[in-house]
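Colleague: As input, take protein23.cif (mmCIF, C-alpha atoms and all ligand atoms):
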```cif
data_run
#
loop_
_atom_site.group_PDB
_atom_site.id
_atom_site.type_symbol
_atom_site.label_atom_id
_atom_site.label_comp_id
_atom_site.auth_asym_id
_atom_site.auth_seq_id
_atom_site.Cartn_x
_atom_site.Cartn_y
_atom_site.Cartn_z
ATOM 1 C CA MET A 1 -13.649 -12.355 1.298
ATOM 2 C CA ARG A 2 -10.996 -9.664 0.885
ATOM 3 C CA ALA A 3 -7.419 -10.965 1.166
ATOM 4 C CA LYS A 4 -5.463 -9.098 3.833
ATOM 5 C CA MET A 5 -2.503 -7.209 2.385
ATOM 6 C CA ILE A 6 0.612 -6.732 4.515
ATOM 7 C CA ALA A 7 2.802 -4.256 2.645
ATOM 8 C CA GLY A 8 6.190 -2.899 3.680
ATOM 9 C CA ASN A 9 7.198 0.511 2.337
ATOM 10 C CA TRP A 10 10.956 0.749 2.755
ATOM 11 C CA LYS A 11 11.200 4.361 1.550
ATOM 12 C CA MET A 12 14.865 5.345 0.939
ATOM 13 C CA ASN A 13 16.271 2.443 2.980
ATOM 14 C CA SER A 14 17.967 -0.885 2.147
ATOM 15 C CA GLY A 15 20.230 -1.143 -0.875
ATOM 16 C CA ALA A 16 20.418 -4.097 -3.241
ATOM 17 C CA ALA A 17 22.370 -6.401 -0.908
ATOM 18 C CA ALA A 18 20.135 -5.646 2.096
ATOM 19 C CA ALA A 19 17.010 -6.225 0.002
ATOM 20 C CA ALA A 20 18.253 -9.631 -1.191
ATOM 21 C CA ASP A 21 19.149 -10.576 2.377
ATOM 22 C CA PHE A 22 15.661 -9.598 3.602
ATOM 23 C CA VAL A 23 13.941 -11.664 0.912
ATOM 24 C CA GLU A 24 16.168 -14.686 1.570
ATOM 25 C CA LYS A 25 15.380 -14.522 5.296
ATOM 26 C CA LEU A 26 11.656 -14.162 4.690
ATOM 27 C CA GLU A 27 11.688 -17.117 2.278
ATOM 28 C CA THR A 28 13.528 -19.202 4.896
ATOM 29 C CA TRP A 29 10.928 -18.209 7.504
ATOM 30 C CA PHE A 30 8.103 -19.285 5.157
ATOM 31 C CA ALA A 31 9.804 -22.631 4.552
ATOM 32 C CA ASP A 32 11.283 -23.509 7.929
ATOM 33 C CA SER A 33 9.305 -22.064 10.851
ATOM 34 C CA PRO A 34 5.826 -23.130 12.028
ATOM 35 C CA GLU A 35 4.524 -19.518 11.925
ATOM 36 C CA GLY A 36 6.103 -18.952 8.520
ATOM 37 C CA ARG A 37 4.572 -22.140 7.135
ATOM 38 C CA GLN A 38 1.186 -21.043 8.456
ATOM 39 C CA ALA A 39 1.700 -17.683 6.731
ATOM 40 C CA ALA A 40 2.721 -19.399 3.490
ATOM 41 C CA SER A 41 -0.490 -21.475 3.573
ATOM 42 C CA ALA A 42 -2.550 -18.323 4.140
ATOM 43 C CA VAL A 43 -0.883 -16.718 1.115
ATOM 44 C CA ARG A 44 -1.404 -19.803 -1.079
ATOM 45 C CA GLU A 45 -5.063 -19.971 -0.044
ATOM 46 C CA GLY A 46 -5.547 -16.310 -0.989
ATOM 47 C CA ARG A 47 -6.271 -15.120 2.562
ATOM 48 C CA VAL A 48 -3.163 -12.943 2.900
ATOM 49 C CA GLU A 49 -0.941 -11.137 0.419
ATOM 50 C CA ILE A 50 2.608 -10.015 1.235
ATOM 51 C CA VAL A 51 4.186 -7.026 -0.492
ATOM 52 C CA ILE A 52 7.526 -5.262 -0.084
ATOM 53 C CA ALA A 53 8.339 -1.923 -1.712
ATOM 54 C CA PRO A 54 12.122 -1.495 -1.898
ATOM 55 C CA PRO A 55 13.793 1.544 -3.489
ATOM 56 C CA PHE A 56 14.116 1.310 -7.298
ATOM 57 C CA THR A 57 17.723 0.101 -7.297
ATOM 58 C CA SER A 58 16.885 -2.755 -4.898
ATOM 59 C CA ILE A 59 13.878 -4.100 -6.828
ATOM 60 C CA ALA A 60 15.823 -6.386 -9.162
ATOM 61 C CA SER A 61 17.892 -7.964 -6.399
ATOM 62 C CA ALA A 62 14.807 -8.468 -4.205
ATOM 63 C CA HIS A 63 13.073 -10.110 -7.163
ATOM 64 C CA ALA A 64 16.093 -12.312 -7.934
ATOM 65 C CA ALA A 65 16.254 -13.504 -4.313
ATOM 66 C CA LYS A 66 12.686 -14.840 -4.379
ATOM 67 C CA LYS A 67 12.369 -18.623 -4.230
ATOM 68 C CA SER A 68 8.566 -18.688 -4.434
ATOM 69 C CA ASP A 69 5.585 -16.558 -5.380
ATOM 70 C CA LEU A 70 4.801 -15.745 -1.751
ATOM 71 C CA ILE A 71 6.304 -12.238 -1.872
ATOM 72 C CA ASN A 72 5.098 -9.499 -4.225
ATOM 73 C CA ILE A 73 7.259 -6.525 -5.046
ATOM 74 C CA ALA A 74 6.038 -2.956 -5.368
ATOM 75 C CA ALA A 75 7.710 0.220 -6.589
ATOM 76 C CA GLN A 76 7.293 3.332 -4.439
ATOM 77 C CA ASN A 77 6.522 5.711 -7.308
ATOM 78 C CA ILE A 78 6.472 5.945 -11.119
ATOM 79 C CA HIS A 79 6.210 8.485 -13.898
ATOM 80 C CA HIS A 80 2.928 8.315 -15.794
ATOM 81 C CA ARG A 81 4.579 8.274 -19.249
ATOM 82 C CA GLN A 82 6.000 5.055 -20.693
ATOM 83 C CA LYS A 83 9.327 6.489 -21.887
ATOM 84 C CA GLY A 84 10.938 9.678 -23.101
ATOM 85 C CA ALA A 85 12.886 12.725 -22.048
ATOM 86 C CA PHE A 86 12.107 12.714 -18.316
ATOM 87 C CA THR A 87 15.514 12.745 -16.657
ATOM 88 C CA GLY A 88 15.575 10.931 -13.341
ATOM 89 C CA GLU A 89 12.188 9.233 -13.763
ATOM 90 C CA ILE A 90 11.216 5.543 -13.940
ATOM 91 C CA SER A 91 8.301 4.157 -15.962
ATOM 92 C CA LEU A 92 5.738 1.413 -15.433
ATOM 93 C CA PRO A 93 7.181 -0.916 -18.131
ATOM 94 C CA MET A 94 10.562 -0.612 -16.388
ATOM 95 C CA ILE A 95 9.293 -1.584 -12.955
ATOM 96 C CA GLU A 96 7.205 -4.362 -14.448
ATOM 97 C CA GLU A 97 10.270 -5.771 -16.198
ATOM 98 C CA ALA A 98 12.192 -5.538 -12.916
ATOM 99 C CA GLY A 99 9.584 -7.748 -11.213
ATOM 100 C CA CYS A 100 6.951 -5.430 -9.705
ATOM 101 C CA ARG A 101 3.321 -6.403 -9.352
ATOM 102 C CA TYR A 102 2.285 -3.229 -7.497
ATOM 103 C CA VAL A 103 3.169 0.446 -7.352
ATOM 104 C CA ILE A 104 2.513 2.848 -4.486
ATOM 105 C CA ILE A 105 0.991 6.075 -5.791
ATOM 106 C CA GLY A 106 0.460 9.298 -3.848
ATOM 107 C CA HIS A 107 2.263 8.408 -0.646
ATOM 108 C CA SER A 108 2.079 11.422 1.675
ATOM 109 C CA GLU A 109 5.803 12.056 1.204
ATOM 110 C CA ARG A 110 5.180 12.300 -2.554
ATOM 111 C CA ARG A 111 2.259 14.647 -1.943
ATOM 112 C CA HIS A 112 3.789 16.872 0.713
ATOM 113 C CA VAL A 113 7.582 16.688 0.284
ATOM 114 C CA PHE A 114 7.640 16.380 -3.519
ATOM 115 C CA LYS A 115 4.485 18.456 -4.048
ATOM 116 C CA GLU A 116 2.669 15.952 -6.263
ATOM 117 C CA THR A 117 -0.863 17.202 -6.856
ATOM 118 C CA ASN A 118 -4.177 15.365 -7.146
ATOM 119 C CA GLU A 119 -3.907 15.907 -10.935
ATOM 120 C CA ASP A 120 -0.409 14.351 -11.081
ATOM 121 C CA LEU A 121 -1.636 11.379 -9.074
ATOM 122 C CA GLU A 122 -4.704 10.861 -11.232
ATOM 123 C CA LYS A 123 -2.386 10.543 -14.261
ATOM 124 C CA LYS A 124 -0.217 8.013 -12.439
ATOM 125 C CA LEU A 125 -3.237 6.004 -11.309
ATOM 126 C CA ILE A 126 -4.684 5.830 -14.814
ATOM 127 C CA ALA A 127 -1.286 4.892 -16.271
ATOM 128 C CA ALA A 128 -0.910 2.070 -13.730
ATOM 129 C CA LEU A 129 -4.385 0.757 -14.506
ATOM 130 C CA GLU A 130 -3.483 0.679 -18.204
ATOM 131 C CA SER A 131 -0.364 -1.373 -17.401
ATOM 132 C CA ARG A 132 -0.095 -4.721 -15.675
ATOM 133 C CA VAL A 133 1.141 -3.152 -12.425
ATOM 134 C CA LEU A 134 -1.574 -2.638 -9.829
ATOM 135 C CA PRO A 135 -1.848 0.612 -7.836
ATOM 136 C CA ILE A 136 -1.812 1.053 -4.073
ATOM 137 C CA PHE A 137 -3.249 4.559 -3.940
ATOM 138 C CA CYS A 138 -2.574 6.552 -0.757
ATOM 139 C CA ILE A 139 -4.731 9.252 0.786
ATOM 140 C CA GLY A 140 -4.762 10.919 4.194
ATOM 141 C CA GLU A 141 -5.237 14.142 6.080
ATOM 142 C CA LEU A 142 -2.717 16.460 7.755
ATOM 143 C CA LEU A 143 -2.884 17.081 11.513
ATOM 144 C CA GLU A 144 -4.372 20.566 11.073
ATOM 145 C CA GLU A 145 -7.028 19.158 8.740
ATOM 146 C CA ARG A 146 -7.992 16.553 11.330
ATOM 147 C CA GLU A 147 -8.047 19.112 14.130
ATOM 148 C CA SER A 148 -10.275 21.451 12.149
ATOM 149 C CA GLY A 149 -12.744 18.634 11.438
ATOM 150 C CA ASP A 150 -11.813 18.431 7.745
ATOM 151 C CA THR A 151 -10.722 14.776 7.542
ATOM 152 C CA LYS A 152 -13.703 13.529 5.551
ATOM 153 C CA ARG A 153 -13.649 16.455 3.142
ATOM 154 C CA VAL A 154 -9.924 15.883 2.443
ATOM 155 C CA LEU A 155 -10.343 12.143 1.891
ATOM 156 C CA ALA A 156 -13.321 12.727 -0.404
ATOM 157 C CA SER A 157 -11.490 15.289 -2.504
ATOM 158 C CA GLN A 158 -8.319 13.166 -2.819
ATOM 159 C CA LEU A 159 -10.435 10.223 -3.966
ATOM 160 C CA GLU A 160 -12.795 12.155 -6.185
ATOM 161 C CA SER A 161 -10.055 13.450 -8.435
ATOM 162 C CA ALA A 162 -8.286 10.084 -8.477
ATOM 163 C CA TRP A 163 -11.167 7.844 -9.414
ATOM 164 C CA ARG A 164 -13.462 10.070 -11.445
ATOM 165 C CA SER A 165 -12.717 8.134 -14.639
ATOM 166 C CA LEU A 166 -12.652 4.617 -13.127
ATOM 167 C CA THR A 167 -15.304 1.916 -13.496
ATOM 168 C CA SER A 168 -16.809 -0.385 -10.872
ATOM 169 C CA ASP A 169 -14.954 -3.424 -12.224
ATOM 170 C CA VAL A 170 -11.608 -1.669 -12.064
ATOM 171 C CA VAL A 171 -12.233 -0.492 -8.513
ATOM 172 C CA ALA A 172 -13.310 -3.958 -7.427
ATOM 173 C CA GLU A 173 -10.485 -5.892 -9.017
ATOM 174 C CA MET A 174 -7.458 -3.682 -9.461
ATOM 175 C CA VAL A 175 -7.324 -0.861 -6.948
ATOM 176 C CA VAL A 176 -6.036 -0.887 -3.377
ATOM 177 C CA ILE A 177 -6.523 2.256 -1.275
ATOM 178 C CA ALA A 178 -4.214 3.032 1.651
ATOM 179 C CA TYR A 179 -5.513 5.399 4.303
ATOM 180 C CA GLU A 180 -2.485 7.009 5.929
ATOM 181 C CA PRO A 181 -3.140 9.983 8.213
ATOM 182 C CA VAL A 182 -0.070 12.154 7.676
ATOM 183 C CA TRP A 183 0.280 12.922 11.387
ATOM 184 C CA ALA A 184 0.689 9.202 12.116
ATOM 185 C CA ILE A 185 3.448 8.498 9.581
ATOM 186 C CA GLY A 186 6.872 7.995 11.122
ATOM 187 C CA THR A 187 5.787 9.804 14.293
ATOM 188 C CA GLY A 188 5.018 6.869 16.563
ATOM 189 C CA LYS A 189 1.438 8.214 16.869
ATOM 190 C CA THR A 190 -0.835 5.514 15.496
ATOM 191 C CA ALA A 191 -4.439 6.404 14.813
ATOM 192 C CA SER A 192 -6.653 4.660 17.362
ATOM 193 C CA ASP A 193 -8.376 1.536 16.065
ATOM 194 C CA ALA A 194 -11.649 3.479 16.137
ATOM 195 C CA ASP A 195 -10.286 6.481 14.196
ATOM 196 C CA ALA A 196 -8.638 4.252 11.591
ATOM 197 C CA GLU A 197 -11.811 2.187 11.230
ATOM 198 C CA GLU A 198 -13.997 5.289 10.956
ATOM 199 C CA ALA A 199 -11.877 6.673 8.099
ATOM 200 C CA CYS A 200 -11.721 3.315 6.275
ATOM 201 C CA ASP A 201 -15.483 2.865 6.716
ATOM 202 C CA TYR A 202 -15.999 6.334 5.247
ATOM 203 C CA ILE A 203 -13.782 5.472 2.251
ATOM 204 C CA ARG A 204 -15.848 2.333 1.640
ATOM 205 C CA THR A 205 -19.044 4.384 1.847
ATOM 206 C CA LEU A 206 -17.673 6.800 -0.757
ATOM 207 C CA ALA A 207 -16.785 3.841 -2.984
ATOM 208 C CA CYS A 208 -20.283 2.417 -2.513
ATOM 209 C CA ASP A 209 -21.924 5.720 -3.448
ATOM 210 C CA LYS A 210 -19.876 5.988 -6.609
ATOM 211 C CA PHE A 211 -19.353 2.383 -7.738
ATOM 212 C CA GLY A 212 -22.064 0.356 -5.997
ATOM 213 C CA ILE A 213 -22.133 -2.154 -3.187
ATOM 214 C CA ALA A 214 -20.412 -5.040 -5.002
ATOM 215 C CA ALA A 215 -17.384 -2.950 -5.963
ATOM 216 C CA SER A 216 -17.115 -1.359 -2.531
ATOM 217 C CA ASP A 217 -17.342 -4.779 -0.861
ATOM 218 C CA SER A 218 -14.410 -5.995 -2.960
ATOM 219 C CA LEU A 219 -12.250 -2.883 -2.586
ATOM 220 C CA ARG A 220 -9.264 -3.400 -0.308
ATOM 221 C CA ILE A 221 -8.492 -0.552 2.101
ATOM 222 C CA LEU A 222 -5.242 -0.535 4.066
ATOM 223 C CA TYR A 223 -4.279 1.513 7.110
ATOM 224 C CA GLY A 224 -0.776 2.975 7.456
ATOM 225 C CA GLY A 225 0.979 5.149 10.031
ATOM 226 C CA SER A 226 3.241 3.903 12.845
ATOM 227 C CA VAL A 227 2.073 0.302 12.526
ATOM 228 C CA LYS A 228 4.134 -2.148 14.578
ATOM 229 C CA PRO A 229 3.718 -5.718 15.835
ATOM 230 C CA GLU A 230 2.089 -4.410 19.040
ATOM 231 C CA ASN A 231 -0.795 -2.655 17.280
ATOM 232 C CA SER A 232 -1.148 -4.498 13.963
ATOM 233 C CA GLY A 233 -3.471 -7.242 15.240
ATOM 234 C CA SER A 234 -6.100 -4.902 16.638
ATOM 235 C CA LEU A 235 -5.992 -2.663 13.551
ATOM 236 C CA LEU A 236 -6.441 -5.729 11.332
ATOM 237 C CA SER A 237 -9.438 -6.880 13.362
ATOM 238 C CA GLN A 238 -11.406 -3.760 12.342
ATOM 239 C CA LYS A 239 -14.192 -4.503 9.896
ATOM 240 C CA ASN A 240 -13.085 -2.140 7.134
ATOM 241 C CA ILE A 241 -9.301 -2.476 7.467
ATOM 242 C CA ASP A 242 -8.053 -5.032 4.949
ATOM 243 C CA GLY A 243 -4.360 -4.679 5.487
ATOM 244 C CA LEU A 244 -1.476 -2.487 6.527
ATOM 245 C CA LEU A 245 1.094 -0.279 4.832
ATOM 246 C CA ILE A 246 4.098 -0.337 7.129
ATOM 247 C CA GLY A 247 7.138 1.918 7.000
ATOM 248 C CA GLY A 248 9.704 1.722 9.818
ATOM 249 C CA ALA A 249 8.526 -1.634 11.218
ATOM 250 C CA SER A 250 8.898 -3.315 7.819
ATOM 251 C CA LEU A 251 12.647 -2.712 7.579
ATOM 252 C CA GLU A 252 13.677 -5.510 9.929
ATOM 253 C CA VAL A 253 12.531 -8.898 8.739
ATOM 254 C CA GLU A 254 11.716 -10.129 12.273
ATOM 255 C CA SER A 255 9.303 -7.285 12.936
ATOM 256 C CA PHE A 256 7.718 -7.664 9.478
ATOM 257 C CA GLU A 257 7.233 -11.386 10.198
ATOM 258 C CA LYS A 258 5.592 -10.610 13.537
ATOM 259 C CA ILE A 259 3.157 -8.254 11.781
ATOM 260 C CA ILE A 260 2.389 -10.957 9.199
ATOM 261 C CA GLU A 261 1.663 -13.356 12.089
ATOM 262 C CA THR A 262 -0.995 -10.989 13.419
ATOM 263 C CA SER A 263 -2.815 -11.215 10.076
ATOM 264 C CA LEU A 264 -3.245 -15.013 10.255
HETATM 265 P P1 LIG B 1 5.538 4.366 9.288
HETATM 266 O O1 LIG B 1 5.308 4.742 7.724
HETATM 267 O O2 LIG B 1 4.973 2.978 9.478
HETATM 268 O O3 LIG B 1 7.011 4.433 9.492
HETATM 269 O O4 LIG B 1 4.757 5.375 10.063
HETATM 270 C C1 LIG B 1 4.151 4.344 7.033
HETATM 271 C C2 LIG B 1 4.200 4.812 5.607
HETATM 272 O O5 LIG B 1 4.737 5.915 5.374
HETATM 273 O O6 LIG B 1 3.751 4.131 4.675
#
```
Spell out the structure here as structure tokens.

Modeller:
Amino acid sequence: MRAKMIAGNWKMNSGAAAAADFVEKLETWFADSPEGRQAASAVREGRVEIVIAPPFTSIASAHAAKKSDLINIAAQNIHHRQKGAFTGEISLPMIEEAGCRYVIIGHSERRHVFKETNEDLEKKLIAALESRVLPIFCIGELLEERESGDTKRVLASQLESAWRSLTSDVVAEMVVIAYEPVWAIGTGKTASDADAEEACDYIRTLACDKFGIAASDSLRILYGGSVKPENSGSLLSQKNIDGLLIGGASLEVESFEKIIETSL
């Protein structure tokens, strides 16, 4: 059984104090409310995994505010080199030391706003897999690509370059893929359950073709793009959707908790 991952991507929101406050409130919810206790049991039993991805400068305070191992912390980006003359960049050993278990790689804002290429993202993915920080690797098509019937071709090419040097074991145990159609991110336009499921099913088929049925059965595939408490339950009930990458609706702890509840 694939554990459901509920991951909040805070983007450039919530400084150190706000991040600590969020974590404290979420820990209190896990300890003190019936729904939170149910969620904590699901996490301890390996059915659900909770991740938050604060900005770099909030990672340490979020980590310090943890009272349990129920919350995992992710970075939103990294440089592929370990250290050196790369002004303004942050490395994998640094985010690991700060308390991260995951790193988001290739978010559509990195691809389209910061012009990161498939080649850049392959380097980051390989570097993460050589570290102890696990990758959440994002792919997704633009609106014009969807409208011209190119969705599958785009997803296949983003994945092909990323995982050409990976093995079945690595894909099964270490990689999480997030399908985020760019037109659904921050726009309020969620993909329909059927569209999201079709894309995630296609990603699993690609994984099966390349890495075999066992690896593709273990691979976790998330959906992201305007997820909120009102639509998270039906997205999570799709066969090939193993979790959610949530932007705006993960910033307020109450709405993040409601989304977690729909995963139970
Ligand atoms: P959104 O962002 O939920 O605000 O659409 C999702 C994401 O960018 O990961």

Colleague: Could the residues that lie within 6 Å of ligand LIG 1 (chain B), counting all atoms listed in the file, be listed as a list of chain:residue names?

Modeller: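 Checked against 6 Å with all atoms listed in the file; the hits are A:Asn9, A:Ala184, A:Ile185, A:Gly186, A:Gly224, A:Gly225, A:Ser226, A:Val227, A:Leu245, A:Ile246, A:Gly247, A:Gly248.
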
Colleague: Can you pull out the residues contacting Ala128 of chain A? Cut-off 10 Å, using all atoms listed in the file, and skip same-chain residues under 6 positions away; I want them as JSON, numbers by chain.

Modeller: {"A": [78, 79, 80, 81, 91, 92, 93, 102, 103, 104, 105, 122, 134, 135, 136, 174, 175]}

Colleague: Take atom CA of Ser108 of chain A and atom CA of Glu141 of chain A and report the distance between them in Å, one decimal.

Modeller: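 According to the coordinates, atom CA of Ser108 of chain A and atom CA of Glu141 of chain A are separated by 9.0 Å.
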
Colleague: Please produce, as CSV, a per-residue contact table for segment 57-126 of chain A versus segment 142-145 of chain A (criterion: any atom at most 12 Å away, all atoms listed in the file considered), showing the nearest atom pair and its distance in Å to one decimal, sorted by chain then residue number.

Modeller:
```
residue,atom,partner,partner_atom,distance
A:Ser108,CA,A:Leu142,CA,9.2
A:Glu109,CA,A:Leu142,CA,11.6
A:Arg111,CA,A:Leu142,CA,11.0
A:His112,CA,A:Leu142,CA,9.6
```

Colleague: Using C-alpha atoms, can you write the selected residues to a file as a PDB file, keeping the file's coordinate frame?

Modeller:
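The resulting file, part-v5.pdb, is reproduced below:
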```
ATOM      1  CA  SER A 108       2.079  11.422   1.675  1.00  0.00           C
ATOM      2  CA  GLU A 109       5.803  12.056   1.204  1.00  0.00           C
ATOM      3  CA  ARG A 111       2.259  14.647  -1.943  1.00  0.00           C
ATOM      4  CA  HIS A 112       3.789  16.872   0.713  1.00  0.00           C
TER       5      HIS A 112
END
```

Colleague: How far is it from atom CA of Ile59 of chain A to atom CA of Arg2 of chain A, in Å with one decimal?

Modeller: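 One can read the atom CA of Ile59 of chain A to atom CA of Arg2 of chain A distance as 26.6 Å.
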
Colleague: Determine the residue membership of the PyMOL selection byres (((chain A and resi 146) around 12) and not hetatm) for the file above and supply it as a list in words.

Modeller: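 Given this file, the PyMOL selection byres (((chain A and resi 146) around 12) and not hetatm) evaluates to Gly140, Glu141, Leu142, Leu143, Glu144, Glu145, Glu147, Ser148, Gly149, Asp150, Thr151, Lys152, Arg153, Val154, Leu155, Pro181, Val182, Trp183, Ala184, Ala191, Asp195 and Ala199 of chain A.
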
Colleague: Can you write out the residues you just picked, keeping C-alpha atoms, as a PDB file, in the frame of the given file?

Modeller:
```pdb
ATOM      1  CA  GLY A 140      -4.762  10.919   4.194  1.00  0.00           C
ATOM      2  CA  GLU A 141      -5.237  14.142   6.080  1.00  0.00           C
ATOM      3  CA  LEU A 142      -2.717  16.460   7.755  1.00  0.00           C
ATOM      4  CA  LEU A 143      -2.884  17.081  11.513  1.00  0.00           C
ATOM      5  CA  GLU A 144      -4.372  20.566  11.073  1.00  0.00           C
ATOM      6  CA  GLU A 145      -7.028  19.158   8.740  1.00  0.00           C
ATOM      7  CA  GLU A 147      -8.047  19.112  14.130  1.00  0.00           C
ATOM      8  CA  SER A 148     -10.275  21.451  12.149  1.00  0.00           C
ATOM      9  CA  GLY A 149     -12.744  18.634  11.438  1.00  0.00           C
ATOM     10  CA  ASP A 150     -11.813  18.431   7.745  1.00  0.00           C
ATOM     11  CA  THR A 151     -10.722  14.776   7.542  1.00  0.00           C
ATOM     12  CA  LYS A 152     -13.703  13.529   5.551  1.00  0.00           C
ATOM     13  CA  ARG A 153     -13.649  16.455   3.142  1.00  0.00           C
ATOM     14  CA  VAL A 154      -9.924  15.883   2.443  1.00  0.00           C
ATOM     15  CA  LEU A 155     -10.343  12.143   1.891  1.00  0.00           C
ATOM     16  CA  PRO A 181      -3.140   9.983   8.213  1.00  0.00           C
ATOM     17  CA  VAL A 182      -0.070  12.154   7.676  1.00  0.00           C
ATOM     18  CA  TRP A 183       0.280  12.922  11.387  1.00  0.00           C
ATOM     19  CA  ALA A 184       0.689   9.202  12.116  1.00  0.00           C
ATOM     20  CA  ALA A 191      -4.439   6.404  14.813  1.00  0.00           C
ATOM     21  CA  ASP A 195     -10.286   6.481  14.196  1.00  0.00           C
ATOM     22  CA  ALA A 199     -11.877   6.673   8.099  1.00  0.00           C
TER      23      ALA A 199
END
```

Colleague: Kindly give the distance, in Å, that separates atom CA of Val48 of chain A and atom CA of Ser263 of chain A, rounded to a single decimal.

Modeller: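 Interatomic distance here is 7.4 Å.
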
Colleague: So which residues fall inside 12 Å of (-19.0, 8.0, 0.2) if we count all atoms listed in the file? Mind giving them as a list in words?

Modeller: Lys152, Arg153, Leu155, Ala156, Ser157, Leu159, Glu160, Ala199, Cys200, Asp201, Tyr202, Ile203, Arg204, Thr205, Leu206, Ala207, Cys208, Asp209, Lys210, Phe211, Gly212, Ile213 and Ser216 of chain A

Colleague: Residues picked by the PyMOL selection byres (((chain A and resi 229-237) around 10) and not hetatm) here, as a PyMOL selection string?

Modeller: chain A and resi 4-6+190-194+196-197+222-224+226-228+238-244+246+249-250+254-264

Colleague: Nearest to Thr28 of chain A: which of A:Lys66, A:Ala172, A:Asn13, A:Ala3 is it, counting only C-alpha atoms?

Modeller: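 Smallest separation from Thr28 of chain A among the options: A:Lys66.
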
Colleague: Could you check the closest approach to Gly8 of chain A for each of A:Ser68, A:Gln76, A:Thr187, A:Thr167 and tell me which residue wins, using all atoms listed in the file?

Modeller: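 Closest to Gly8 of chain A of all the choices is A:Gln76.
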
Colleague: When you count all atoms listed in the file, which of these residues is closest to Ile71 of chain A: A:Arg164, A:Glu35, A:Lys25, A:Val113?

Modeller: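 Looking only at the distances to Ile71 of chain A, the closest residue turns out to be A:Lys25.
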
Colleague: Hey, what's within 10 Å of Ala60 of chain A if we count only C-alpha atoms and toss same-chain stuff fewer than 6 positions away? As a count of residues only, please?

Modeller: 10

Colleague: Skip Ala162 of chain A itself and residues of its chain fewer than 4 positions away, then list as a VMD selection string all residues within 10 Å of it, counting only C-alpha atoms.

Modeller: chain A and resid 106 118 to 126 137 139 156 to 158 166

Colleague: Smallest atom-to-atom distance to Gly36 of chain A: which of A:Leu70, A:Glu89, A:Lys115, A:Ala215, using only C-alpha atoms?

Modeller: A:Leu70

Colleague: Tell me which of A:Ser165, A:Ser41, A:Ser33, A:Ser14 sits closest to Ser61 of chain A, counting only C-alpha atoms.

Modeller: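 Checking each of A:Ser165, A:Ser41, A:Ser33, A:Ser14 against Ser61 of chain A, counting only C-alpha atoms, the winner is A:Ser14.
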
Colleague: Identify which of the residues A:Glu116, A:Lys67, A:Val170, A:Arg47 lies closest to Ala31 of chain A, counting all atoms listed in the file when measuring atom-to-atom distances.

Modeller: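 Smallest separation from Ala31 of chain A among the options: A:Lys67.
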